[in-house]
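Quick notes on the structure that follows.
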Amino acid sequence: MKSILYYESDINKNLQFLVDGLIKIYKIDKFGNEVFLYHIYKNSMISELSSLEDNEICCFSNAEFMEDSVILNVNFNKLQEHFLSKNILMFELNKILLEKTHQLQCIVNRELVFDATAKVAFMLKQDLEMFNKLKRHDSSYMLHIQPATLSRVLNKLNRNKIITIENGEVSIKDEEALICTFKEVGGI
């Protein structure tokens, strides 16, 4: 079930949370190509807040359902009026916003700092289950590298005994070495 939840530059009055399912967040570049940013998993906020004072929530990217999903819509004005203005739920909202900030930092590292090996190592550490679910072509798309490059990196990590690949499924053999692969590049 691939359908659009919202488009970049849409305006929304509700905070949206993904109760169940999977959503892909992406942008379109100047050539009309889709640029993958990240996935949103169940029990996560979807909305991209830039201010707690505005009455409208601007969408800065596109959101597409990747599977059947359940969304919780919360009227942002009512949430502010009854809870946030009274400092109720502020701690929880701050935690969610900090998670979103960390997600942005990961995107910056992936796109501007990491080389192909660091990108693959980071994805394996952060989301091995998703990596093993996807076809290699889809993983390379998400990492913004060529499928042949992904294959070479996986073979290199396998040769270095950092991962094992059995029947196409990757498992981490040396987690510390895997982490060092991207920590040394991105200064994480």
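Residue numbering restarts at 1 in every chain; chains get A, B, ... in the order shown in the structure tokens, and ligands count up from 1 in that same order.
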
Quiz item: Out of region 57-105 of chain A, which residues get helix (DSSP H, G or I) from DSSP, as a list in words?
Solution: Phe76, Asn77, Lys78, Leu79, Gln80, Glu81, His82, Leu84, Ser85, Lys86, Met90, Phe91, Glu92, Leu93, Asn94, Lys95, Ile96, Leu97, Leu98, Glu99, Lys100, Thr101, His102, Gln103, Leu104 and Gln105 of chain A

Practice problem: Pick out the residues sitting within 9 Å of region 19-28 of chain A, and hand them over as a VMD selection string; count only C-alpha atoms, and ignore anything fewer than 2 positions along from it in its own chain. | Solution: chain A and resid 5 8 17 30 to 46 60 to 72

Write the residues of the preceding selection, restricted to C-alpha atoms, as a compact mmCIF listing (two decimals), in the first residue's frame.
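Writing done, so here's result_17.txt:
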# COMPACT_ATOMS: atom_id res chain seq x y z
CA LEU A 5 0.23 11.10 3.58
CA GLU A 8 6.30 18.95 0.84
CA PHE A 17 1.85 10.15 15.15
CA LYS A 30 15.67 19.89 -8.87
CA PHE A 31 15.77 17.12 -11.51
CA GLY A 32 12.60 15.45 -10.23
CA ASN A 33 14.48 12.59 -8.55
CA GLU A 34 13.33 11.20 -5.23
CA VAL A 35 15.89 11.63 -2.44
CA PHE A 36 15.30 9.25 0.48
CA LEU A 37 15.74 10.83 3.92
CA TYR A 38 14.54 8.31 6.53
CA HIS A 39 11.81 5.92 7.63
CA ILE A 40 9.33 6.58 10.40
CA TYR A 41 8.48 3.50 12.44
CA LYS A 42 5.48 2.78 14.65
CA ASN A 43 5.08 4.72 17.88
CA SER A 44 6.82 7.78 16.43
CA MET A 45 5.86 11.36 15.66
CA ILE A 46 5.48 12.05 11.95
CA PHE A 60 9.23 20.13 4.77
CA SER A 61 9.29 16.80 2.95
CA ASN A 62 6.98 14.19 1.44
CA ALA A 63 5.58 11.30 3.47
CA GLU A 64 4.55 8.05 1.82
CA PHE A 65 3.01 4.99 3.46
CA MET A 66 5.12 1.89 2.83
CA GLU A 67 2.59 -0.50 4.39
CA ASP A 68 -0.86 -0.39 5.95
CA SER A 69 -0.59 2.08 8.82
CA VAL A 70 -2.55 3.65 11.64
CA ILE A 71 -2.19 7.41 12.23
CA LEU A 72 -3.18 9.39 15.31

Write out as a Markdown table a residue-level contact list of region 76-156 of chain A versus region 169-186 of chain A with cut-off 6 Å: for each qualifying residue the closest pair of atoms and the distance in Å to one decimal, counting only C-alpha atoms, rows sorted by chain and residue number upward.
| residue | atom | partner | partner_atom | distance |
| --- | --- | --- | --- | --- |
| A:Val113 | CA | A:Gly186 | CA | 5.9 |
| A:Ala118 | CA | A:Phe182 | CA | 4.3 |
| A:Ala121 | CA | A:Leu178 | CA | 5.9 |
| A:Asn132 | CA | A:Glu169 | CA | 5.7 |

Go ahead and save the residues from that selection, with N, CA and C atoms, as a PDB file, in the first residue's frame.
ATOM      1  N   VAL A 113      29.145  13.491   5.287  1.00  0.00           N
ATOM      2  CA  VAL A 113      30.377  13.106   5.945  1.00  0.00           C
ATOM      3  C   VAL A 113      30.788  11.666   5.631  1.00  0.00           C
ATOM      4  N   ALA A 118      31.106   3.661   5.617  1.00  0.00           N
ATOM      5  CA  ALA A 118      30.504   4.184   6.845  1.00  0.00           C
ATOM      6  C   ALA A 118      28.979   4.201   6.745  1.00  0.00           C
ATOM      7  N   ALA A 121      27.818   0.576   7.208  1.00  0.00           N
ATOM      8  CA  ALA A 121      28.032   0.158   8.599  1.00  0.00           C
ATOM      9  C   ALA A 121      27.008   0.811   9.523  1.00  0.00           C
ATOM     10  N   ASN A 132      17.864  -6.268   6.258  1.00  0.00           N
ATOM     11  CA  ASN A 132      17.657  -7.654   5.830  1.00  0.00           C
ATOM     12  C   ASN A 132      16.300  -7.883   5.171  1.00  0.00           C
TER      13      ASN A 132
END

Exercise. Could you please write out, as number ranges by chain, every residue of region 2-125 of chain A that DSSP assigns to strand (DSSP E)?
Key: A: 4-6, 11-12, 14-20, 22-28, 34-41, 44-45, 57-58, 62-65, 70-75

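Using only C-alpha atoms, the residues found no farther than 9 Å from Thr149 (chain A), other than those of its own chain fewer than 6 positions away, are Ala116, Thr117 and Ser140 of chain A.
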
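Distance annotation: of A:Ile11, A:Leu18, A:Leu98, A:Met142, the residue with the minimal separation from Asn55 (chain A) is A:Ile11; atom set is only C-alpha atoms.
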